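This is my_file.tsv. It holds TSV, C-alpha atoms.
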chain	number	residue	atom	x	y	z
T	1	MET	CA	-8.14	-30.81	-2.81
T	2	LYS	CA	-6.12	-27.69	-3.58
T	3	ASN	CA	-4.43	-26.09	-0.57
T	4	TYR	CA	-5.83	-22.89	0.89
T	5	ASN	CA	-3.17	-20.67	-0.73
T	6	THR	CA	-3.93	-21.95	-4.21
T	7	ILE	CA	-7.67	-21.45	-3.78
T	8	ASN	CA	-7.31	-17.98	-2.26
T	9	ARG	CA	-4.70	-16.87	-4.80
T	10	GLU	CA	-7.02	-17.80	-7.66
T	11	THR	CA	-9.75	-15.77	-5.97
T	12	TRP	CA	-7.56	-12.68	-5.54
T	13	ASN	CA	-6.16	-12.94	-9.06
T	14	SER	CA	-9.71	-12.89	-10.41
T	15	LYS	CA	-10.51	-9.70	-8.46
T	16	VAL	CA	-7.62	-7.51	-9.51
T	17	GLU	CA	-8.92	-6.10	-12.80
T	18	ILE	CA	-12.35	-5.42	-11.27
T	19	HIS	CA	-10.79	-3.73	-8.24
T	20	VAL	CA	-8.42	-1.57	-10.29
T	21	ASN	CA	-11.39	-0.26	-12.29
T	22	SER	CA	-13.88	-0.01	-9.41
T	23	GLU	CA	-15.45	3.08	-7.89
T	24	PHE	CA	-14.49	1.65	-4.49
T	25	TYR	CA	-10.76	2.00	-5.18
T	26	ASN	CA	-11.23	5.14	-7.33
T	27	ASN	CA	-7.96	4.66	-9.16
T	28	GLU	CA	-8.53	7.85	-11.15
T	29	ALA	CA	-8.34	9.93	-7.95
T	30	PHE	CA	-5.32	7.95	-6.80
T	31	LEU	CA	-3.47	8.60	-10.05
T	32	ALA	CA	-4.32	12.28	-9.67
T	33	GLY	CA	-2.57	12.39	-6.29
T	34	HIS	CA	-5.03	11.11	-3.66
T	35	ASN	CA	-3.36	9.35	-0.70
T	36	THR	CA	-5.29	6.17	0.10
T	37	ILE	CA	-4.00	5.54	3.64
T	38	PRO	CA	-6.61	6.43	6.34
T	39	TYR	CA	-5.85	9.10	8.91
T	40	THR	CA	-5.74	6.61	11.80
T	41	ASP	CA	-2.97	4.70	10.04
T	42	LEU	CA	-1.13	7.87	9.03
T	43	ASN	CA	-1.08	9.02	12.66
T	44	ALA	CA	0.35	5.67	13.76
T	45	LEU	CA	2.92	5.57	10.97
T	46	GLY	CA	4.23	9.05	11.70
T	47	ASP	CA	6.77	10.69	9.40
T	48	VAL	CA	7.92	8.00	6.96
T	49	LYS	CA	10.20	10.17	4.86
T	50	GLY	CA	13.46	8.30	4.37
T	51	LYS	CA	12.19	5.30	6.35
T	52	ARG	CA	12.37	1.74	5.08
T	53	VAL	CA	8.81	0.40	5.10
T	54	LEU	CA	7.69	-3.18	4.42
T	55	HIS	CA	4.02	-3.37	3.40
T	56	LEU	CA	2.60	-6.88	3.80
T	57	GLN	CA	-0.41	-8.04	1.76
T	58	CYS	CA	-0.35	-4.88	-0.34
T	59	HIS	CA	-2.93	-5.95	-2.99
T	60	PHE	CA	-2.38	-3.81	-6.13
T	61	GLY	CA	-0.28	-1.25	-4.38
T	62	GLN	CA	-2.26	1.95	-3.77
T	63	ASP	CA	-1.27	2.21	-0.10
T	64	THR	CA	2.29	1.12	-0.88
T	65	LEU	CA	2.64	3.84	-3.48
T	66	SER	CA	1.00	6.36	-1.16
T	67	LEU	CA	3.87	5.63	1.24
T	68	ALA	CA	6.34	6.13	-1.61
T	69	ARG	CA	4.74	9.50	-2.35
T	70	MET	CA	5.36	10.39	1.30
T	71	GLY	CA	9.07	9.69	0.86
T	72	ALA	CA	9.33	6.14	2.21
T	73	GLN	CA	11.63	3.52	0.75
T	74	VAL	CA	8.88	0.96	0.46
T	75	THR	CA	8.55	-2.71	-0.44
T	76	GLY	CA	5.14	-4.26	-1.09
T	77	ILE	CA	4.46	-7.99	-0.66
T	78	ASP	CA	1.48	-9.89	-2.06
T	79	PHE	CA	0.83	-13.48	-3.15
T	80	SER	CA	-1.28	-12.50	-6.18
T	81	GLU	CA	0.88	-12.21	-9.28
T	82	LYS	CA	-1.83	-10.19	-11.04
T	83	ALA	CA	-1.96	-7.74	-8.11
T	84	ILE	CA	1.82	-7.33	-8.16
T	85	GLU	CA	1.76	-6.79	-11.93
T	86	ALA	CA	-0.91	-4.08	-11.49
T	87	ALA	CA	1.11	-2.48	-8.68
T	88	GLN	CA	4.24	-2.37	-10.84
T	89	ASN	CA	2.23	-0.79	-13.66
T	90	LEU	CA	0.94	1.90	-11.29
T	91	ALA	CA	4.45	2.61	-10.03
T	92	HIS	CA	5.63	2.98	-13.64
T	93	GLN	CA	2.73	5.31	-14.51
T	94	LEU	CA	3.42	7.49	-11.49
T	95	GLU	CA	7.21	7.27	-11.84
T	96	LEU	CA	7.52	6.26	-8.19
T	97	GLU	CA	10.32	4.23	-6.64
T	98	ALA	CA	8.82	1.17	-4.95
T	99	LYS	CA	9.71	-2.49	-4.93
T	100	PHE	CA	7.04	-5.15	-5.28
T	101	ILE	CA	7.58	-8.84	-4.53
T	102	CYS	CA	5.16	-11.66	-5.32
T	103	CYS	CA	5.35	-14.24	-2.53
T	104	GLU	CA	3.43	-15.75	0.36
T	105	VAL	CA	3.53	-13.71	3.58
T	106	TYR	CA	5.25	-16.57	5.35
T	107	ASP	CA	8.01	-16.59	2.70
T	108	THR	CA	8.77	-12.87	3.00
T	109	LEU	CA	12.09	-13.30	4.77
T	110	LYS	CA	13.44	-15.31	1.82
T	111	HIS	CA	13.03	-12.27	-0.42
T	112	ILE	CA	14.31	-9.35	1.68
T	113	LYS	CA	17.90	-8.66	2.69
T	114	GLU	CA	17.96	-5.59	4.94
T	115	PRO	CA	15.87	-4.81	8.05
T	116	TYR	CA	13.03	-2.31	7.93
T	117	ASP	CA	12.12	0.63	10.14
T	118	ILE	CA	8.39	-0.08	9.84
T	119	VAL	CA	6.23	-3.05	8.92
T	120	TYR	CA	2.73	-1.96	7.89
T	121	THR	CA	-0.29	-4.14	7.13
T	122	SER	CA	-3.97	-3.32	7.18
T	123	TYR	CA	-7.64	-4.22	6.70
T	124	GLY	CA	-8.78	-7.67	5.68
T	125	VAL	CA	-5.33	-9.25	5.87
T	126	ILE	CA	-4.87	-11.76	8.70
T	127	GLY	CA	-8.09	-13.66	8.00
T	128	TRP	CA	-6.26	-15.28	5.07
T	129	LEU	CA	-3.52	-16.61	7.37
T	130	PRO	CA	-3.97	-19.74	9.52
T	131	ASP	CA	-0.92	-19.26	11.78
T	132	LEU	CA	-0.38	-15.91	13.50
T	133	ASP	CA	2.72	-17.09	15.36
T	134	GLN	CA	4.44	-17.60	12.01
T	135	TRP	CA	3.11	-14.20	10.86
T	136	ALA	CA	4.57	-12.50	13.94
T	137	LYS	CA	7.93	-14.20	13.36
T	138	VAL	CA	8.07	-12.72	9.87
T	139	ILE	CA	7.35	-9.25	11.28
T	140	VAL	CA	9.89	-9.32	14.10
T	141	ASN	CA	12.63	-10.70	11.85
T	142	ALA	CA	11.91	-8.08	9.16
T	143	LEU	CA	12.31	-5.20	11.64
T	144	ARG	CA	15.49	-3.55	12.85
T	145	PRO	CA	15.90	-3.24	16.64
T	146	GLY	CA	13.61	-0.41	17.72
T	147	GLY	CA	11.56	-0.69	14.53
T	148	LYS	CA	7.77	-0.79	14.73
T	149	LEU	CA	4.78	-2.68	13.44
T	150	VAL	CA	1.74	-0.60	12.47
T	151	PHE	CA	-1.27	-2.88	12.11
T	152	PHE	CA	-4.92	-1.98	11.45
T	153	GLU	CA	-7.59	-4.61	10.89
T	154	PHE	CA	-11.34	-5.13	10.86
T	155	HIS	CA	-12.49	-6.20	14.30
T	156	PRO	CA	-13.02	-9.95	14.83
T	157	VAL	CA	-16.55	-9.25	16.09
T	158	VAL	CA	-17.46	-8.17	12.54
T	159	TRP	CA	-16.46	-11.56	11.19
T	160	MET	CA	-18.81	-13.37	13.59
T	161	PHE	CA	-21.87	-12.19	11.62
T	162	ASP	CA	-23.43	-13.51	8.45
T	163	ASN	CA	-22.87	-11.36	5.37
T	164	ASP	CA	-26.05	-9.35	5.95
T	165	PHE	CA	-25.45	-8.82	9.69
T	166	THR	CA	-28.73	-10.46	10.71
T	167	HIS	CA	-27.31	-13.04	13.12
T	168	ILE	CA	-24.13	-14.49	14.66
T	169	GLN	CA	-22.88	-17.23	12.33
T	170	TYR	CA	-19.22	-17.86	13.18
T	171	ASN	CA	-17.13	-18.51	16.27
T	172	TYR	CA	-15.18	-15.55	17.69
T	173	PHE	CA	-12.30	-17.90	18.44
T	174	LYS	CA	-10.51	-19.72	15.63
T	175	ASP	CA	-11.63	-23.34	15.67
T	176	GLU	CA	-11.57	-24.44	12.03
T	177	PRO	CA	-11.22	-22.91	8.57
T	178	ILE	CA	-14.23	-21.07	7.17
T	179	VAL	CA	-14.88	-22.36	3.65
T	180	GLU	CA	-17.28	-20.25	1.62
T	181	VAL	CA	-18.40	-19.51	-1.92
T	182	GLU	CA	-18.30	-15.77	-2.49
T	183	LYS	CA	-20.40	-14.01	-5.12
T	184	GLY	CA	-19.24	-10.63	-6.33
T	185	THR	CA	-16.54	-8.76	-4.44
T	186	TYR	CA	-16.56	-6.09	-1.74
T	187	ALA	CA	-15.34	-3.50	-4.27
T	188	ASP	CA	-18.14	-4.30	-6.74
T	189	LYS	CA	-20.97	-6.34	-5.31
T	190	THR	CA	-22.71	-6.48	-8.72
T	191	SER	CA	-19.79	-8.19	-10.49
T	192	ASN	CA	-20.29	-11.67	-11.90
T	193	LEU	CA	-17.42	-13.21	-9.93
T	194	THR	CA	-17.97	-16.46	-8.06
T	195	ASN	CA	-15.04	-17.68	-5.98
T	196	SER	CA	-14.19	-20.06	-3.19
T	197	THR	CA	-12.41	-18.71	-0.12
T	198	ILE	CA	-10.77	-20.29	2.92
T	199	THR	CA	-10.31	-17.97	5.90
T	200	TRP	CA	-9.82	-17.98	9.67
T	201	ASN	CA	-11.21	-15.83	12.48
T	202	HIS	CA	-8.55	-14.51	14.87
T	203	SER	CA	-9.50	-13.16	18.30
T	204	LEU	CA	-7.78	-10.09	19.74
T	205	SER	CA	-6.03	-12.24	22.32
T	206	GLU	CA	-4.65	-14.53	19.60
T	207	VAL	CA	-3.28	-11.53	17.68
T	208	ILE	CA	-1.74	-9.79	20.67
T	209	GLN	CA	-0.27	-12.93	22.23
T	210	ALA	CA	1.36	-13.90	18.94
T	211	LEU	CA	3.09	-10.51	18.82
T	212	LEU	CA	4.10	-10.48	22.49
T	213	LYS	CA	5.53	-14.00	22.34
T	214	ASN	CA	7.75	-12.96	19.47
T	215	ASP	CA	9.59	-10.18	21.28
T	216	LEU	CA	7.35	-7.33	20.14
T	217	GLU	CA	6.30	-4.79	22.76
T	218	LEU	CA	2.74	-3.45	22.54
T	219	ILE	CA	2.90	0.35	22.55
T	220	GLU	CA	-0.63	1.38	21.51
T	221	PHE	CA	-3.94	-0.41	21.02
T	222	GLU	CA	-7.28	1.13	20.02
T	223	GLU	CA	-10.73	-0.13	18.98
T	224	TYR	CA	-13.08	1.87	16.75
T	225	ASP	CA	-16.85	1.83	16.31
T	226	PHE	CA	-16.62	2.63	12.60
T	227	SER	CA	-14.92	1.45	9.43
T	228	HIS	CA	-13.05	3.62	6.95
T	229	TYR	CA	-14.47	1.54	4.12
T	230	ALA	CA	-17.96	0.87	2.75
T	231	CYS	CA	-17.10	-2.76	2.09
T	232	PHE	CA	-19.82	-4.52	4.11
T	233	ASN	CA	-23.51	-5.05	3.40
T	234	ASP	CA	-25.99	-2.72	5.13
T	235	ASN	CA	-23.44	0.11	5.37
T	236	ILE	CA	-24.40	3.58	6.44
T	237	GLU	CA	-22.10	6.61	6.19
T	238	PHE	CA	-22.78	8.52	9.42
T	239	GLU	CA	-19.92	10.96	8.92
T	240	PRO	CA	-17.76	11.59	5.85
T	241	ASN	CA	-15.74	8.40	5.16
T	242	LYS	CA	-16.94	6.74	8.37
T	243	TYR	CA	-19.21	3.70	8.04
T	244	ARG	CA	-21.23	1.49	10.35
T	245	ILE	CA	-23.74	-1.32	9.92
T	246	ALA	CA	-27.10	0.46	9.75
T	247	SER	CA	-28.98	-2.09	11.85
T	248	LEU	CA	-26.28	-2.14	14.54
T	249	ASN	CA	-25.35	1.55	14.67
T	250	ASN	CA	-22.42	1.94	17.11
T	251	LYS	CA	-23.13	-1.22	19.11
T	252	ILE	CA	-20.18	-3.23	17.81
T	253	PRO	CA	-16.50	-2.47	17.20
T	254	MET	CA	-15.71	-2.28	13.49
T	255	MET	CA	-11.92	-2.16	13.46
T	256	TYR	CA	-8.85	-1.93	15.67
T	257	GLY	CA	-5.29	-0.70	15.40
T	258	LEU	CA	-2.05	-1.33	17.23
T	259	ILE	CA	1.58	-0.32	17.28
T	260	CYS	CA	4.30	-2.69	18.45
T	261	LYS	CA	8.01	-2.03	18.88
T	262	LYS	CA	10.82	-4.52	18.41
T	263	ARG	CA	12.93	-4.69	21.53
Show me the file's structure as structure tokens.
Amino acid sequence: MKNYNTINRETWNSKVEIHVNSEFYNNEAFLAGHNTIPYTDLNALGDVKGKRVLHLQCHFGQDTLSLARMGAQVTGIDFSEKAIEAAQNLAHQLELEAKFICCEVYDTLKHIKEPYDIVYTSYGVIGWLPDLDQWAKVIVNALRPGGKLVFFEFHPVVWMFDNDFTHIQYNYFKDEPIVEVEKGTYADKTSNLTNSTITWNHSLSEVIQALLKNDLELIEFEEYDFSHYACFNDNIEFEPNKYRIASLNNKIPMMYGLICKKR
């Protein structure tokens, strides 16, 4: 059997062209100047002008290039070669200075030479990683002393439900890989894609303990009862660009964010 990285990379490679051309990502607006980073993340990032920023799991680079537009010296990392190729094409179109590296998250330190002021990663990222201790080690070793991690992610409670949010299907705590066959993609649910995925649920305690054990100090932590993105089934937009599951209203957390500082 192929390892999880090979299976998941094939899945993400197959999504790139659809995502680049999707209404969800609205690449036309991005090319016209729209910044794709949500306000919660922008507040946590602060002024990035002149800062060295490492963006892990950057997909095809919209958020990475949004940081470059804001004046950051930014490096984007992703394991999908097609995503990195698309990101480099966008950077060329926009004439923006940004570096993109195709590698596994766990191999990041092999490809960077200087420490960063900020490591940023967000939304639908850690579920693809089996080992958060190894993830945290990459982050802490990529940061300069006093540098910070800005991390936003969908809440683990969301991942306990079936795709239609009718019942609890998965364990809150990571116990074994979740192997699924996915039809379509969150950016275009009508697409003809069919892919296999291997993912892991990570509880809040697992995330936070991994960071704390690796010499990162937790500065801020917040949970939110909405998502910035209409990427789940049964979405309802209750305020502009704020989404919940219609049948659950505000009864569950949808995402969380944290800031950590390297001692």
Distance table requested - range 119-189 of chain T against range 250-254 of chain T, cut-off 7 Å, only C-alpha atoms: one row per qualifying residue with the closest atom pair and its distance in Å to one decimal, ordered by chain and rising residue number, as a tab-separated table.
residue	atom	partner	partner_atom	distance
T:Phe154	CA	T:Met254	CA	5.8
T:His155	CA	T:Met254	CA	5.1
T:Val157	CA	T:Pro253	CA	6.9
T:Val158	CA	T:Met254	CA	6.2
Counting only C-alpha atoms, what is within 9 Å of range 57-61 of chain T, bar same-chain residues fewer than 4 positions away, as a list in words?
->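 Answer for this query is Trp12, Val16, His19, Val20, Leu65, Ser66, Gly76, Ile77, Asp78, Phe79, Ser80, Lys82, Ala83, Ile84, Glu85, Ala86, Ala87, Gln88, Leu90, Ala91, Phe100, Glu104, Val105, Thr121, Ser122 and Val125 of chain T.
Atom to atom, CA of Leu132 in chain T and CA of Gly257 in chain T stand 16.1 Å apart.
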Per residue of range 4-85 of chain T within 12 Å of range 144-151 of chain T, what are the shortest atom pair and its distance in Å to one decimal, counting all atoms listed in the file, with rows by chain and residue number, as a Markdown table?
| residue | atom | partner | partner_atom | distance |
| --- | --- | --- | --- | --- |
| T:Thr40 | CA | T:Val150 | CA | 10.4 |
| T:Asp41 | CA | T:Val150 | CA | 7.5 |
| T:Leu42 | CA | T:Val150 | CA | 9.6 |
| T:Asn43 | CA | T:Val150 | CA | 10.0 |
| T:Ala44 | CA | T:Val150 | CA | 6.6 |
| T:Leu45 | CA | T:Val150 | CA | 6.5 |
| T:Gly46 | CA | T:Val150 | CA | 10.0 |
| T:Val48 | CA | T:Lys148 | CA | 11.7 |
| T:Lys51 | CA | T:Gly147 | CA | 10.2 |
| T:Arg52 | CA | T:Gly147 | CA | 9.8 |
| T:Val53 | CA | T:Lys148 | CA | 9.8 |
| T:Leu54 | CA | T:Leu149 | CA | 9.5 |
| T:His55 | CA | T:Val150 | CA | 9.8 |
| T:Leu56 | CA | T:Phe151 | CA | 10.0 |
| T:Gln57 | CA | T:Phe151 | CA | 11.6 |
Can you write just those residues out, C-alpha atoms, as a PDB file, keeping the file's coordinate frame?
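For reference, selection.pdb as written:
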ATOM      1  CA  THR T  40      -5.740   6.610  11.800  1.00  0.00           C
ATOM      2  CA  ASP T  41      -2.970   4.700  10.040  1.00  0.00           C
ATOM      3  CA  LEU T  42      -1.130   7.870   9.030  1.00  0.00           C
ATOM      4  CA  ASN T  43      -1.080   9.020  12.660  1.00  0.00           C
ATOM      5  CA  ALA T  44       0.350   5.670  13.760  1.00  0.00           C
ATOM      6  CA  LEU T  45       2.920   5.570  10.970  1.00  0.00           C
ATOM      7  CA  GLY T  46       4.230   9.050  11.700  1.00  0.00           C
ATOM      8  CA  VAL T  48       7.920   8.000   6.960  1.00  0.00           C
ATOM      9  CA  LYS T  51      12.190   5.300   6.350  1.00  0.00           C
ATOM     10  CA  ARG T  52      12.370   1.740   5.080  1.00  0.00           C
ATOM     11  CA  VAL T  53       8.810   0.400   5.100  1.00  0.00           C
ATOM     12  CA  LEU T  54       7.690  -3.180   4.420  1.00  0.00           C
ATOM     13  CA  HIS T  55       4.020  -3.370   3.400  1.00  0.00           C
ATOM     14  CA  LEU T  56       2.600  -6.880   3.800  1.00  0.00           C
ATOM     15  CA  GLN T  57      -0.410  -8.040   1.760  1.00  0.00           C
TER      16      GLN T  57
END
Got a sec: who's within 6 Å of Arg244 in chain T, counting only C-alpha atoms, leaving out chain neighbours fewer than 3 positions off, as a PyMOL selection string?
-> chain T and resi 226+235-236+249
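Here CA of Phe24 in chain T is placed at a distance of 8.6 Å from CA of Tyr229 in chain T.
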When you draw a straight line from CA of Glu81 in chain T to CA of Ile198 in chain T, how long is it in Å?
-> 18.7 Å
Name the residues within 12 Å of (-20.6, -10.9, -3.8), counting all atoms listed in the file in the file's coordinates, and put them as a compact mmCIF listing (two decimals) with C-alpha atoms, in the frame of the given file.
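Ended up saving to point-v5.txt:
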# COMPACT_ATOMS: atom_id res chain seq x y z
CA LYS T 15 -10.51 -9.70 -8.46
CA ASN T 163 -22.87 -11.36 5.37
CA ASP T 164 -26.05 -9.35 5.95
CA GLU T 180 -17.28 -20.25 1.62
CA VAL T 181 -18.40 -19.51 -1.92
CA GLU T 182 -18.30 -15.77 -2.49
CA LYS T 183 -20.40 -14.01 -5.12
CA GLY T 184 -19.24 -10.63 -6.33
CA THR T 185 -16.54 -8.76 -4.44
CA TYR T 186 -16.56 -6.09 -1.74
CA ALA T 187 -15.34 -3.50 -4.27
CA ASP T 188 -18.14 -4.30 -6.74
CA LYS T 189 -20.97 -6.34 -5.31
CA THR T 190 -22.71 -6.48 -8.72
CA SER T 191 -19.79 -8.19 -10.49
CA ASN T 192 -20.29 -11.67 -11.90
CA LEU T 193 -17.42 -13.21 -9.93
CA THR T 194 -17.97 -16.46 -8.06
CA ASN T 195 -15.04 -17.68 -5.98
CA SER T 196 -14.19 -20.06 -3.19
CA THR T 197 -12.41 -18.71 -0.12
CA CYS T 231 -17.10 -2.76 2.09
CA PHE T 232 -19.82 -4.52 4.11
CA ASN T 233 -23.51 -5.05 3.40
Give me the range 121-232 of chain T side of the contact with range 108-113 of chain T, cut-off 12 Å, one line per residue showing its nearest atom pair and distance in Å at one decimal, counting all atoms listed in the file, sorted by chain and residue number, as a Markdown table.
| residue | atom | partner | partner_atom | distance |
| --- | --- | --- | --- | --- |
| T:Gln134 | CA | T:Thr108 | CA | 11.1 |
| T:Trp135 | CA | T:Thr108 | CA | 9.8 |
| T:Ala136 | CA | T:Thr108 | CA | 11.7 |
| T:Lys137 | CA | T:Leu109 | CA | 9.6 |
| T:Val138 | CA | T:Leu109 | CA | 6.5 |
| T:Ile139 | CA | T:Leu109 | CA | 9.0 |
| T:Val140 | CA | T:Leu109 | CA | 10.4 |
| T:Asn141 | CA | T:Leu109 | CA | 7.6 |
| T:Ala142 | CA | T:Leu109 | CA | 6.8 |
| T:Leu143 | CA | T:Leu109 | CA | 10.6 |
| T:Arg144 | CA | T:Lys113 | CA | 11.6 |
